[in-house]
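Asks: The structure's right below; bear with me while I get my questions together.
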Protein chains: 2
Amino acid sequence: MSTSSQNLTSYESLALAGPLNLSDGHPRQAPTESQAAILDQMTPLYRGAGHSTFEKVETHAHERFFSALGQKSAPIGTGRVLSCYSSSVAVDIFARALRDRTDRVGLLHPTFDNIPDLLRAWGHNLVPVAETALSAHDDSVFDGDIGCVFVTTPNNPTGWVMLPETMRWLARECSARGVVLALDTSFRGFDTRAWYDHYAILEESEVDHVVIEDSGKLWPTQELKAGFLVAGAGDLPLVDAFSDVLLTISPFVLALLGEFAADAADGGFARLHAMVSEHRVFVRNALAELNLPAPPDPESRVSVERVALPPGVSAGEAYTALSDMDVHVLPCGPFHWDEPGEGDSFIRLSLARDTEMLRQAVTRTASWLAQARASVGRPA
Amino acid sequence: MSTSSQNLTSYESLALAGPLNLSDGHPRQAPTESQAAILDQMTPLYRGAGHSTFEKVETHAHERFFSALGQKSAPIGTGRVLSCYSSSVAVDIFARALRDRTDRVGLLHPTFDNIPDLLRAWGHNLVPVAETALSAHDDSVFDGDIGCVFVTTPNNPTGWVMLPETMRWLARECSARGVVLALDTSFRGFDTRAWYDHYAILEESEVDHVVIEDSGKLWPTQELKAGFLVAGAGDLPLVDAFSDVLLTISPFVLALLGEFAADAADGGFARLHAMVSEHRVFVRNALAELNLPAPPDPESRVSVERVALPPGVSAGEAYTALSDMDVHVLPCGPFHWDEPGEGDSFIRLSLARDTEMLRQAVTRTASWLAQARASVGRPA
């Protein structure tokens with residue numbers, strides 16, 4: 001199988017039926033006890049949502065979701081939080097509306113490839129922006145005559161987080177330069193360092209902005225989820241583009257997410273973080289004795305983990321060999337949408353899985369890596 | 001309120017909180033007894049879907065859905081039925097992929113305005129195609145150097161249905177001319193005249209085609225729904241565009257829809273048709289004594305009904321006056337996406353509502369229409 005012409009989602013699709021699927025970053029672990037108790041109440045939640053107005057159900061869900069994540073200044077109840085089927089649908093809507101303003105976007109590099117693909121599909125020209133340039137407050141971020149900066153924070157796959165001082169600098173600079181600031185915070189729930197009040201900084205800077213929030217990576221709800229497109233860019237036709245795609249998402253889904261958010265605020269996030277951390281430690285320990293390059297993202301707290309391959313082993317090779325052993329991972333080339341070669345020495349493992357399956361898949365991965373490392377450089 | 005710059009969905013959005021909402025075409029009636037029994041089982045359905053593979057759940061739902069609608073030759077299990085969040089997301093994905101083939105589309109006129117809006121957003125130039133031209137097998141359908149014909153059947157708002165002989169003619173002509181044939185059959189479930197096996201005709205003609213099917217108009221499931229993008233156009237990058245937007249929809253939603261489809265096949269469609277018919281008769285009877293122009297769509301069986309306004313009364317005027325009386329309907333101008341003026345003498349009422357509310361809204365509408373008719377032409 002070639003690794004060149006496929007997007008990451010197509011790899012993830014091939015992994016769906018596999019027994020050892022560490023491919024997609026969707027949450028596939030069993031629900032916790034308190035989550036299972038919510039799922040026991042699906043019918044009453046459905047009927048309850050049906051007895052209220054959509055607006056009330058939506059506002060209540062927004063309040064619970066944003067407050068669980070520390071986003072106290074999010075503009076709930078103003079009509080500026082558009083509930084979408086998913087974060088990707090939100091990106092699609094934003095990319096379309098953005099054309100009224102610019103067709104040159106500075107985009108974080110690397111990041112999940114459906115973001116550059118959706119932006120490019122709508123005609124945007126992309127300029128790569130490095131995490132290090134942002135963290136260094138480097139004005140080169142604005143090179144290339146861009147009209148928008150698009151940042152995924154926490155980032156997928158690296159787990160890099162834009163810290164408050166960087167956020168303040170970026171919002172101020174974007175505002176001064178008339179550049180739209182777009183944030184995708186889909187992985188925010190995994191990392192408390194991303195729980196400072198983004199909207200307070202955005203509003204204070206008066207920058208034209210859009211934030212894409214997402215419930216879809218956090219809780220094992222069989223893709224019952226929402227992406228929230230928060231519109232702070234006055235003149236972009238976001239509502240028009242939104243209303244071409246949908247009237248409303250399901251009030252039942254909003255009610256369900258509200259319950260999961262309340263549970264998350266009440267200890268659920270702590271349990272989620274402990275699970276992800278335990279699985280990350282397992283991965284690192286399993287690989288520690290293989291003399292691989294050091295973990296590339298030592299500070300990462302998101303639900304995916306990059307693994308650096310032994311010198312001479314490519315991501316495509318690892319992907320194919322592991323698939324043949326029924327272990328599905330992602331080759332990291334496509335995350336590096338501007339320079340796929342830069343990702344070719346990494347694979348990505350998803351951690352939001354049941355522990356036993358994850359251990360089995362990681363053990364098998366470690367065993368193949370040990371073998372691959374040993375055989376590299378040997379005559380064939 | 002101006003009727004010129006808004007799309008239909010924005011009108012529908014304003015109606016959501018209203019007590020007498022006949023605006024959107026989404027099903028908002030109470031579930032039947034057997035539908036309520038399915039909704040009682042949401043948690044077991046959810047858990048059951050979680051214990052199977054996505055592929056199995058999806059295939060089972062496809063089988064139940066397509067067979068309930070007579071679509072025996074639909075390519076289930078081939079990877080060519082892409083389950084999307086909604087029919088609008090399916091249209092969006094198709095419109096994007098179609099650019100590889102053409103940017104000139106012959107589109108049914110009138111039809112719901114988010115179809116022309118989504119096509120235009122992706123850069124397509126649209127040529128209006130009349131229902132009468134299709135039914136007459138008129139070659140003028142292919143005027144304008146088009147590379148695709150897009151037909152909504154049954155149509156919204158008119159209820160017009162493309163009959164088998166027209167379908168055969170159109171598929172053959174499109175095939176001979178190298179034109180892509182796109183069908184949106186979202187309202188199929190309401191009209192048994194649209195239950196002949198479309199896919200048998202499409203496959204036999206060897207035409208490049210796409211069909212967009214939809215569960216979203218049929219059953220009161222709080223927007224738990226799916227749009228199915230059926231790909232029969234070999235070289236269009238539909239799967240690529242699909243995978244930029246989503247990995248999979250919810251297996252729980254598919255399982256739920258499968259249950260609703262099975263119920264529909266087992267008497268549920270007959271109950272739905274009886275409800276729609278009863279509501280249509282109520283509307284027509286309530287308006288019969290007003291000496292309005294005759295019902296414009298006498299043969300319609302879909303869940304919406306157009307009403308012809310008295311001469312001299314515009315749709316915008318009716319919309320505003322009825323909104324002030326808490327009755328929300330749609331002005332039909334925007335359905336006529338090429339010539340909005342042609343729709344200005346019609347409003348659209350939705351019939352998929354609880355009977356009591358519908359009667360109240362229709363009675364109020366009739367009373368306003370009687371008054372409006374009487375006052376037209378009188379000196380102010």
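Letters A, B, ... mark the chains of the structure tokens in the order given; residue numbers begin at 1 per chain; ligand numbers begin at 1, in order shown.
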Can you pull out the residues contacting Pro154 of chain A? Cut-off 8 Å, using only C-alpha atoms, and skip same-chain residues under 3 positions away; I want them as a list in words.
Replies: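 Selected residues are Gly159, Trp160, Val161, Met162, Thr185, Ser186, Phe187, Arg188, Asp191, Ala194 and Val302 of chain A.
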Asks: Write out as a list of chain:residue names the residues lying within 12 Å of Gln41 of chain B, counting only C-alpha atoms and excluding same-chain residues fewer than 6 positions away.
Replies: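 Once the adjacent positions are removed, what remains is A:Leu39, A:Asp40, A:Gln41, A:Met42, A:Thr43, A:Pro44, A:Tyr46, B:Ser34, B:Gln35, B:Arg47, B:Gly48, B:Phe252, B:Ala255, B:Leu256, B:Glu259, B:Phe260.
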Asks: Write the residues of the preceding selection, restricted to all heavy atoms, as a short mmCIF file (atom, residue, chain, number, x, y, z; two decimals), in the first residue's frame.
Replies:
data_model
loop_
_atom_site.label_atom_id
_atom_site.label_comp_id
_atom_site.auth_asym_id
_atom_site.auth_seq_id
_atom_site.Cartn_x
_atom_site.Cartn_y
_atom_site.Cartn_z
N LEU A 39 -25.49 7.09 29.74
CA LEU A 39 -25.97 6.35 28.56
C LEU A 39 -27.20 5.50 28.91
O LEU A 39 -28.02 5.22 28.02
CB LEU A 39 -24.84 5.50 27.98
CG LEU A 39 -23.68 6.33 27.39
CD1 LEU A 39 -22.47 5.44 27.11
CD2 LEU A 39 -24.12 7.05 26.11
N ASP A 40 -27.32 5.11 30.17
CA ASP A 40 -28.54 4.40 30.60
C ASP A 40 -29.77 5.28 30.46
O ASP A 40 -30.90 4.78 30.42
CB ASP A 40 -28.41 3.97 32.07
CG ASP A 40 -27.55 2.74 32.24
OD1 ASP A 40 -27.40 1.98 31.25
OD2 ASP A 40 -27.02 2.54 33.34
N GLN A 41 -29.55 6.59 30.44
CA GLN A 41 -30.67 7.55 30.45
C GLN A 41 -30.93 8.17 29.09
O GLN A 41 -31.46 9.28 29.01
CB GLN A 41 -30.38 8.66 31.48
CG GLN A 41 -30.19 8.17 32.91
CD GLN A 41 -31.44 7.47 33.43
OE1 GLN A 41 -32.54 7.97 33.27
NE2 GLN A 41 -31.26 6.29 34.01
N MET A 42 -30.54 7.51 28.02
CA MET A 42 -30.68 8.13 26.70
C MET A 42 -32.14 8.47 26.39
O MET A 42 -32.44 9.56 25.89
CB MET A 42 -30.09 7.21 25.62
CG MET A 42 -28.57 7.15 25.67
SD MET A 42 -27.86 5.95 24.51
CE MET A 42 -27.95 6.88 22.97
N THR A 43 -33.04 7.55 26.66
CA THR A 43 -34.45 7.80 26.34
C THR A 43 -35.02 8.98 27.15
O THR A 43 -35.62 9.89 26.55
CB THR A 43 -35.28 6.52 26.50
OG1 THR A 43 -34.82 5.57 25.53
CG2 THR A 43 -36.76 6.79 26.27
N PRO A 44 -34.84 9.00 28.47
CA PRO A 44 -35.32 10.19 29.19
C PRO A 44 -34.65 11.49 28.71
O PRO A 44 -35.33 12.52 28.63
CB PRO A 44 -34.95 9.89 30.65
CG PRO A 44 -34.74 8.43 30.74
CD PRO A 44 -34.40 7.93 29.38
N TYR A 46 -33.61 12.12 25.70
CA TYR A 46 -34.24 12.41 24.41
C TYR A 46 -35.60 13.07 24.62
O TYR A 46 -35.91 14.09 24.03
CB TYR A 46 -34.37 11.10 23.62
CG TYR A 46 -35.00 11.24 22.25
CD1 TYR A 46 -34.20 11.39 21.13
CD2 TYR A 46 -36.38 11.21 22.09
CE1 TYR A 46 -34.76 11.51 19.87
CE2 TYR A 46 -36.95 11.33 20.83
CZ TYR A 46 -36.14 11.48 19.72
OH TYR A 46 -36.70 11.61 18.48
N SER B 34 -45.38 2.72 17.64
CA SER B 34 -44.26 1.80 17.38
C SER B 34 -42.94 2.57 17.30
O SER B 34 -41.88 2.03 17.66
CB SER B 34 -44.51 0.97 16.11
OG SER B 34 -44.82 1.81 15.02
N GLN B 35 -42.98 3.83 16.85
CA GLN B 35 -41.75 4.64 16.87
C GLN B 35 -41.34 4.94 18.32
O GLN B 35 -40.16 4.88 18.67
CB GLN B 35 -41.96 5.94 16.10
CG GLN B 35 -42.05 5.74 14.58
CD GLN B 35 -42.42 7.02 13.84
OE1 GLN B 35 -43.00 7.95 14.42
NE2 GLN B 35 -42.11 7.07 12.55
N ARG B 47 -25.87 0.19 22.88
CA ARG B 47 -24.92 -0.83 23.34
C ARG B 47 -24.74 -1.92 22.28
O ARG B 47 -23.63 -2.40 22.05
CB ARG B 47 -25.40 -1.43 24.67
CG ARG B 47 -25.50 -0.36 25.78
CD ARG B 47 -24.82 -0.77 27.08
NE ARG B 47 -24.44 0.43 27.85
CZ ARG B 47 -25.18 1.00 28.78
NH1 ARG B 47 -26.35 0.50 29.12
NH2 ARG B 47 -24.74 2.08 29.41
N GLY B 48 -25.84 -2.27 21.63
CA GLY B 48 -25.76 -3.28 20.57
C GLY B 48 -24.85 -2.82 19.43
O GLY B 48 -24.03 -3.58 18.93
N PHE B 252 -24.65 4.31 16.29
CA PHE B 252 -25.93 4.33 17.00
C PHE B 252 -27.02 4.94 16.13
O PHE B 252 -28.14 4.41 16.05
CB PHE B 252 -25.81 5.11 18.31
CG PHE B 252 -27.15 5.52 18.87
CD1 PHE B 252 -28.02 4.57 19.38
CD2 PHE B 252 -27.56 6.85 18.84
CE1 PHE B 252 -29.28 4.94 19.87
CE2 PHE B 252 -28.80 7.23 19.33
CZ PHE B 252 -29.66 6.27 19.84
N ALA B 255 -28.05 2.45 13.58
CA ALA B 255 -28.87 1.39 14.16
C ALA B 255 -30.29 1.89 14.40
O ALA B 255 -31.27 1.18 14.12
CB ALA B 255 -28.24 0.89 15.46
N LEU B 256 -30.41 3.10 14.90
CA LEU B 256 -31.73 3.68 15.16
C LEU B 256 -32.51 3.83 13.85
O LEU B 256 -33.70 3.47 13.77
CB LEU B 256 -31.56 5.04 15.85
CG LEU B 256 -32.84 5.73 16.31
CD1 LEU B 256 -33.37 5.08 17.59
CD2 LEU B 256 -32.60 7.23 16.55
N GLU B 259 -33.92 0.66 12.59
CA GLU B 259 -35.17 0.29 13.28
C GLU B 259 -36.36 1.08 12.72
O GLU B 259 -37.44 0.52 12.50
CB GLU B 259 -35.04 0.55 14.79
CG GLU B 259 -34.03 -0.34 15.49
CD GLU B 259 -34.43 -1.81 15.46
OE1 GLU B 259 -35.62 -2.11 15.69
OE2 GLU B 259 -33.56 -2.66 15.19
N PHE B 260 -36.16 2.37 12.51
CA PHE B 260 -37.25 3.19 11.96
C PHE B 260 -37.60 2.73 10.54
O PHE B 260 -38.77 2.74 10.15
CB PHE B 260 -36.88 4.68 11.98
CG PHE B 260 -37.26 5.37 13.26
CD1 PHE B 260 -36.49 5.23 14.40
CD2 PHE B 260 -38.40 6.15 13.35
CE1 PHE B 260 -36.84 5.85 15.61
CE2 PHE B 260 -38.77 6.77 14.54
CZ PHE B 260 -37.99 6.62 15.67
#
Asks: Taking the DSSP secondary structure from the backbone, can you list the residues of segment 219-292 of chain A that are strand (DSSP E or B), as a PyMOL selection string?
Replies: chain A and resi 227-232
Asks: Compare A:Pro251, A:Pro220, A:Gly312, A:Gly232 by their minimum atom-to-atom distance to chain B, counting only C-alpha atoms, and give me the closest one.
Replies: A:Pro251
Asks: May I ask you to extract the residues of chain B within 9 Å of chain A, using only C-alpha atoms, and to give them as number ranges by chain?
Replies: B: 6-10, 12-13, 16-17, 24, 39-44, 46-47, 49-50, 53-55, 85-89, 91-92, 96, 113-115, 117-118, 121-122, 221-225, 239-241, 243-253
Asks: Between atom CA of Val304 of chain B and atom CA of Glu131 of chain B, measure the distance and give it in Å to one decimal.
Replies: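 That distance, rounded to one decimal, is 17.4 Å.
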Asks: Using DSSP on the backbone coordinates, identify the residues of segment 34-226 of chain B assigned to alpha helix (DSSP H); present them as a ChimeraX atom specification.
Replies: /B:34-39,42-50,54-68,87-98,114-121,131-135,164-177,198-205
Asks: For the atom pair atom CA of Thr158 of chain B and atom CA of Leu108 of chain B, what is the interatomic distance in Å to one decimal place?
Replies: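 Atom-to-atom, atom CA of Thr158 of chain B to atom CA of Leu108 of chain B, that is 11.2 Å.
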Asks: If we count only C-alpha atoms and set the cut-off at 12 Å, which residues sit around Leu170 of chain B, ignoring sequence neighbours fewer than 2 positions away in its own chain? Please answer as a ChimeraX atom specification.
Replies: /B:133-142,148-151,162-168,172-183,198,201-202,205-209
Asks: Just to be explicit: take each residue in the selection above, keep N, CA and C atoms, and write the result as a compact mmCIF listing (two decimals), in the first residue's frame.
Replies:
# COMPACT_ATOMS: atom_id res chain seq x y z
N ALA B 133 -40.11 20.53 -18.54
CA ALA B 133 -39.16 20.14 -19.59
C ALA B 133 -38.71 18.70 -19.39
N LEU B 134 -38.49 18.32 -18.13
CA LEU B 134 -38.10 16.94 -17.85
C LEU B 134 -39.24 15.99 -18.19
N SER B 135 -40.42 16.30 -17.71
CA SER B 135 -41.55 15.41 -17.95
C SER B 135 -41.87 15.28 -19.43
N ALA B 136 -41.55 16.33 -20.21
CA ALA B 136 -41.80 16.30 -21.66
C ALA B 136 -40.64 15.69 -22.44
N HIS B 137 -39.61 15.26 -21.73
CA HIS B 137 -38.40 14.69 -22.37
C HIS B 137 -37.87 15.67 -23.41
N ASP B 138 -37.77 16.91 -23.01
CA ASP B 138 -37.40 17.99 -23.90
C ASP B 138 -35.87 18.13 -23.91
N ASP B 139 -35.27 18.05 -25.08
CA ASP B 139 -33.82 18.13 -25.17
C ASP B 139 -33.26 19.46 -24.66
N SER B 140 -34.11 20.46 -24.52
CA SER B 140 -33.64 21.75 -24.01
C SER B 140 -33.08 21.62 -22.59
N VAL B 141 -33.40 20.50 -21.93
CA VAL B 141 -32.82 20.23 -20.61
C VAL B 141 -31.29 20.33 -20.67
N PHE B 142 -30.74 20.00 -21.83
CA PHE B 142 -29.27 19.95 -21.94
C PHE B 142 -28.67 21.23 -22.51
N CYS B 148 -23.59 18.40 -15.96
CA CYS B 148 -24.32 17.67 -14.92
C CYS B 148 -25.76 18.14 -14.90
N VAL B 149 -26.69 17.20 -14.71
CA VAL B 149 -28.09 17.56 -14.44
C VAL B 149 -28.39 17.14 -13.01
N PHE B 150 -28.95 18.06 -12.22
CA PHE B 150 -29.25 17.79 -10.81
C PHE B 150 -30.76 17.91 -10.62
N VAL B 151 -31.38 16.79 -10.22
CA VAL B 151 -32.84 16.74 -10.11
C VAL B 151 -33.25 16.30 -8.70
N MET B 162 -40.33 12.50 -10.65
CA MET B 162 -39.82 12.02 -11.94
C MET B 162 -40.26 10.57 -12.13
N LEU B 163 -41.09 10.33 -13.13
CA LEU B 163 -41.64 8.99 -13.34
C LEU B 163 -40.63 8.10 -14.07
N PRO B 164 -40.86 6.78 -14.03
CA PRO B 164 -39.85 5.85 -14.57
C PRO B 164 -39.47 6.13 -16.02
N GLU B 165 -40.46 6.47 -16.85
CA GLU B 165 -40.11 6.67 -18.26
C GLU B 165 -39.24 7.91 -18.44
N THR B 166 -39.46 8.92 -17.60
CA THR B 166 -38.61 10.12 -17.65
C THR B 166 -37.21 9.81 -17.14
N MET B 167 -37.18 9.05 -16.08
CA MET B 167 -35.89 8.63 -15.51
C MET B 167 -35.07 7.86 -16.55
N ARG B 168 -35.73 6.94 -17.25
CA ARG B 168 -35.02 6.16 -18.27
C ARG B 168 -34.50 7.07 -19.38
N ARG B 172 -30.51 7.77 -20.05
CA ARG B 172 -29.98 7.42 -21.38
C ARG B 172 -29.34 8.65 -22.04
N GLU B 173 -30.04 9.77 -21.99
CA GLU B 173 -29.53 10.99 -22.62
C GLU B 173 -28.26 11.48 -21.93
N CYS B 174 -28.26 11.45 -20.61
CA CYS B 174 -27.05 11.87 -19.87
C CYS B 174 -25.88 10.97 -20.24
N SER B 175 -26.15 9.68 -20.30
CA SER B 175 -25.11 8.72 -20.64
C SER B 175 -24.55 9.01 -22.03
N ALA B 176 -25.44 9.21 -22.99
CA ALA B 176 -25.01 9.44 -24.37
C ALA B 176 -24.22 10.75 -24.49
N ARG B 177 -24.58 11.72 -23.68
CA ARG B 177 -23.95 13.04 -23.79
C ARG B 177 -22.76 13.21 -22.85
N GLY B 178 -22.47 12.20 -22.05
CA GLY B 178 -21.37 12.31 -21.10
C GLY B 178 -21.66 13.29 -19.98
N VAL B 179 -22.93 13.40 -19.61
CA VAL B 179 -23.35 14.33 -18.56
C VAL B 179 -23.61 13.54 -17.27
N VAL B 180 -23.12 14.03 -16.14
CA VAL B 180 -23.36 13.38 -14.85
C VAL B 180 -24.82 13.61 -14.44
N LEU B 181 -25.47 12.57 -13.95
CA LEU B 181 -26.85 12.69 -13.46
C LEU B 181 -26.84 12.61 -11.94
N ALA B 182 -27.30 13.68 -11.30
CA ALA B 182 -27.37 13.72 -9.83
C ALA B 182 -28.83 13.80 -9.40
N LEU B 183 -29.21 12.93 -8.46
CA LEU B 183 -30.57 12.92 -7.94
C LEU B 183 -30.55 13.19 -6.45
N HIS B 198 -34.72 2.94 -8.83
CA HIS B 198 -33.90 3.91 -9.58
C HIS B 198 -32.54 3.34 -9.97
N ILE B 201 -32.25 1.30 -13.16
CA ILE B 201 -32.24 2.14 -14.37
C ILE B 201 -30.89 2.82 -14.53
N LEU B 202 -30.37 3.33 -13.43
CA LEU B 202 -29.08 4.03 -13.51
C LEU B 202 -27.97 3.09 -13.95
N SER B 205 -28.26 2.04 -17.65
CA SER B 205 -27.93 3.10 -18.62
C SER B 205 -26.43 3.38 -18.66
N GLU B 206 -25.71 2.89 -17.65
CA GLU B 206 -24.27 3.14 -17.52
C GLU B 206 -23.94 4.63 -17.40
N VAL B 207 -24.93 5.42 -16.97
CA VAL B 207 -24.68 6.85 -16.79
C VAL B 207 -23.81 7.09 -15.55
N ASP B 208 -22.93 8.08 -15.61
CA ASP B 208 -22.23 8.52 -14.40
C ASP B 208 -23.24 9.20 -13.51
N HIS B 209 -23.41 8.70 -12.30
CA HIS B 209 -24.49 9.25 -11.48
C HIS B 209 -24.11 9.32 -10.01
Asks: What does the distance from atom CA of Val307 of chain A to atom CA of Leu330 of chain A come to in Å, to one decimal?
Replies: 10.3 Å
Asks: Which residues come within 10 Å of Met275 of chain A, counting only C-alpha atoms, excluding same-chain residues fewer than 5 positions away, as a PyMOL selection string?
Replies: chain A and resi 29+269-270+280-281+303+351-355
Asks: How would the residues just picked look written out with N, CA and C atoms as a short mmCIF file (atom, residue, chain, number, x, y, z; two decimals), in the first residue's frame?
Replies:
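The result, stored in out_27.cif:
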data_model
loop_
_atom_site.label_atom_id
_atom_site.label_comp_id
_atom_site.auth_asym_id
_atom_site.auth_seq_id
_atom_site.Cartn_x
_atom_site.Cartn_y
_atom_site.Cartn_z
N GLN A 29 -12.49 3.97 24.00
CA GLN A 29 -12.45 3.22 25.25
C GLN A 29 -13.88 3.00 25.75
N PHE A 269 -13.03 14.54 33.75
CA PHE A 269 -11.80 14.94 33.06
C PHE A 269 -10.58 14.36 33.78
N ALA A 270 -10.61 14.35 35.10
CA ALA A 270 -9.48 13.78 35.85
C ALA A 270 -9.31 12.30 35.51
N ARG A 280 -0.04 6.42 27.95
CA ARG A 280 1.19 7.02 27.40
C ARG A 280 2.43 6.42 28.08
N VAL A 281 2.34 6.27 29.39
CA VAL A 281 3.46 5.68 30.13
C VAL A 281 3.70 4.25 29.66
N SER A 303 -4.56 12.74 23.44
CA SER A 303 -4.88 11.31 23.40
C SER A 303 -4.21 10.57 22.25
N LEU A 351 -4.33 6.73 22.03
CA LEU A 351 -4.31 6.25 23.41
C LEU A 351 -5.71 6.09 24.00
N ALA A 352 -6.72 6.65 23.35
CA ALA A 352 -8.09 6.59 23.89
C ALA A 352 -8.72 5.25 23.48
N ARG A 353 -8.23 4.22 24.11
CA ARG A 353 -8.64 2.85 23.82
C ARG A 353 -8.74 2.08 25.13
N ASP A 354 -9.37 0.92 25.06
CA ASP A 354 -9.36 0.04 26.23
C ASP A 354 -7.93 -0.43 26.50
N THR A 355 -7.61 -0.52 27.79
CA THR A 355 -6.22 -0.75 28.19
C THR A 355 -5.67 -2.07 27.63
#
Asks: Please identify all polymer residues within 12 Å of Arg373 of chain A, counting only C-alpha atoms, omitting same-chain residues fewer than 6 positions from it, and present them as a ChimeraX atom specification.
Replies: /A:287,289-293,308-314,318,366-367
Asks: I need the chosen residues saved as a compact mmCIF listing (two decimals), in the first residue's frame, with all heavy atoms.
Replies:
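Just written: result-v4.txt:
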# COMPACT_ATOMS: atom_id res chain seq x y z
N LEU A 287 8.65 0.95 24.83
CA LEU A 287 9.62 1.28 23.79
C LEU A 287 10.98 1.69 24.37
O LEU A 287 11.96 1.78 23.64
CB LEU A 287 9.09 2.41 22.91
CG LEU A 287 7.71 2.17 22.25
CD1 LEU A 287 7.31 3.37 21.41
CD2 LEU A 287 7.72 0.90 21.40
N GLU A 289 13.28 0.35 26.14
CA GLU A 289 14.47 -0.49 26.08
C GLU A 289 14.94 -0.77 24.65
O GLU A 289 15.87 -1.53 24.44
CB GLU A 289 14.20 -1.81 26.82
CG GLU A 289 12.90 -2.48 26.42
CD GLU A 289 12.44 -3.47 27.51
OE1 GLU A 289 12.36 -3.07 28.69
OE2 GLU A 289 12.18 -4.62 27.16
N LEU A 290 14.26 -0.15 23.66
CA LEU A 290 14.59 -0.46 22.27
C LEU A 290 15.66 0.46 21.70
O LEU A 290 16.03 0.34 20.54
CB LEU A 290 13.34 -0.36 21.39
CG LEU A 290 12.15 -1.26 21.76
CD1 LEU A 290 11.05 -1.11 20.72
CD2 LEU A 290 12.59 -2.70 21.87
N ASN A 291 16.13 1.41 22.53
CA ASN A 291 17.12 2.36 22.02
C ASN A 291 16.63 3.12 20.80
O ASN A 291 17.37 3.37 19.85
CB ASN A 291 18.43 1.65 21.67
CG ASN A 291 19.37 1.62 22.86
OD1 ASN A 291 19.32 2.54 23.70
ND2 ASN A 291 20.19 0.59 22.94
N LEU A 292 15.34 3.46 20.82
CA LEU A 292 14.79 4.31 19.75
C LEU A 292 15.18 5.76 20.05
O LEU A 292 15.61 6.08 21.16
CB LEU A 292 13.27 4.20 19.72
CG LEU A 292 12.66 2.84 19.45
CD1 LEU A 292 11.14 2.94 19.46
CD2 LEU A 292 13.14 2.30 18.11
N PRO A 293 15.03 6.65 19.06
CA PRO A 293 15.17 8.07 19.38
C PRO A 293 14.19 8.43 20.50
O PRO A 293 13.15 7.79 20.65
CB PRO A 293 14.78 8.76 18.06
CG PRO A 293 14.97 7.72 16.99
CD PRO A 293 14.71 6.39 17.65
N ALA A 308 9.00 7.97 17.50
CA ALA A 308 10.08 8.16 16.52
C ALA A 308 10.63 6.79 16.13
O ALA A 308 10.95 5.97 16.99
CB ALA A 308 11.18 9.03 17.11
N LEU A 309 10.70 6.55 14.84
CA LEU A 309 11.14 5.25 14.34
C LEU A 309 12.67 5.14 14.38
O LEU A 309 13.37 6.15 14.40
CB LEU A 309 10.63 5.06 12.91
CG LEU A 309 9.10 5.04 12.81
CD1 LEU A 309 8.65 5.17 11.34
CD2 LEU A 309 8.55 3.76 13.42
N PRO A 310 13.18 3.90 14.37
CA PRO A 310 14.64 3.73 14.31
C PRO A 310 15.17 4.34 13.01
O PRO A 310 14.47 4.30 12.00
CB PRO A 310 14.83 2.22 14.30
CG PRO A 310 13.53 1.63 14.73
CD PRO A 310 12.47 2.62 14.38
N PRO A 311 16.38 4.88 13.02
CA PRO A 311 16.95 5.42 11.79
C PRO A 311 16.91 4.36 10.69
O PRO A 311 17.18 3.19 10.94
CB PRO A 311 18.41 5.73 12.18
CG PRO A 311 18.40 5.85 13.68
CD PRO A 311 17.30 4.96 14.17
N GLY A 312 16.49 4.78 9.50
CA GLY A 312 16.44 3.85 8.39
C GLY A 312 15.10 3.16 8.21
O GLY A 312 14.88 2.46 7.23
N VAL A 313 14.21 3.31 9.18
CA VAL A 313 12.87 2.72 9.06
C VAL A 313 11.88 3.84 8.74
O VAL A 313 11.82 4.84 9.46
CB VAL A 313 12.44 2.01 10.36
CG1 VAL A 313 11.01 1.49 10.25
CG2 VAL A 313 13.40 0.88 10.68
N SER A 314 11.13 3.69 7.67
CA SER A 314 10.19 4.74 7.28
C SER A 314 8.80 4.47 7.84
O SER A 314 8.45 3.33 8.15
CB SER A 314 10.11 4.83 5.75
OG SER A 314 9.31 3.78 5.25
N ALA A 318 6.74 0.95 8.37
CA ALA A 318 6.16 0.58 9.67
C ALA A 318 4.66 0.36 9.55
O ALA A 318 4.10 -0.61 10.07
CB ALA A 318 6.46 1.65 10.72
N ALA A 366 6.06 -2.82 19.57
CA ALA A 366 7.42 -2.79 20.13
C ALA A 366 8.25 -3.95 19.60
O ALA A 366 9.43 -3.80 19.25
CB ALA A 366 7.36 -2.82 21.66
N SER A 367 7.59 -5.09 19.49
CA SER A 367 8.32 -6.26 19.03
C SER A 367 8.76 -6.09 17.57
O SER A 367 9.89 -6.41 17.20
CB SER A 367 7.44 -7.50 19.26
OG SER A 367 7.43 -8.33 18.13
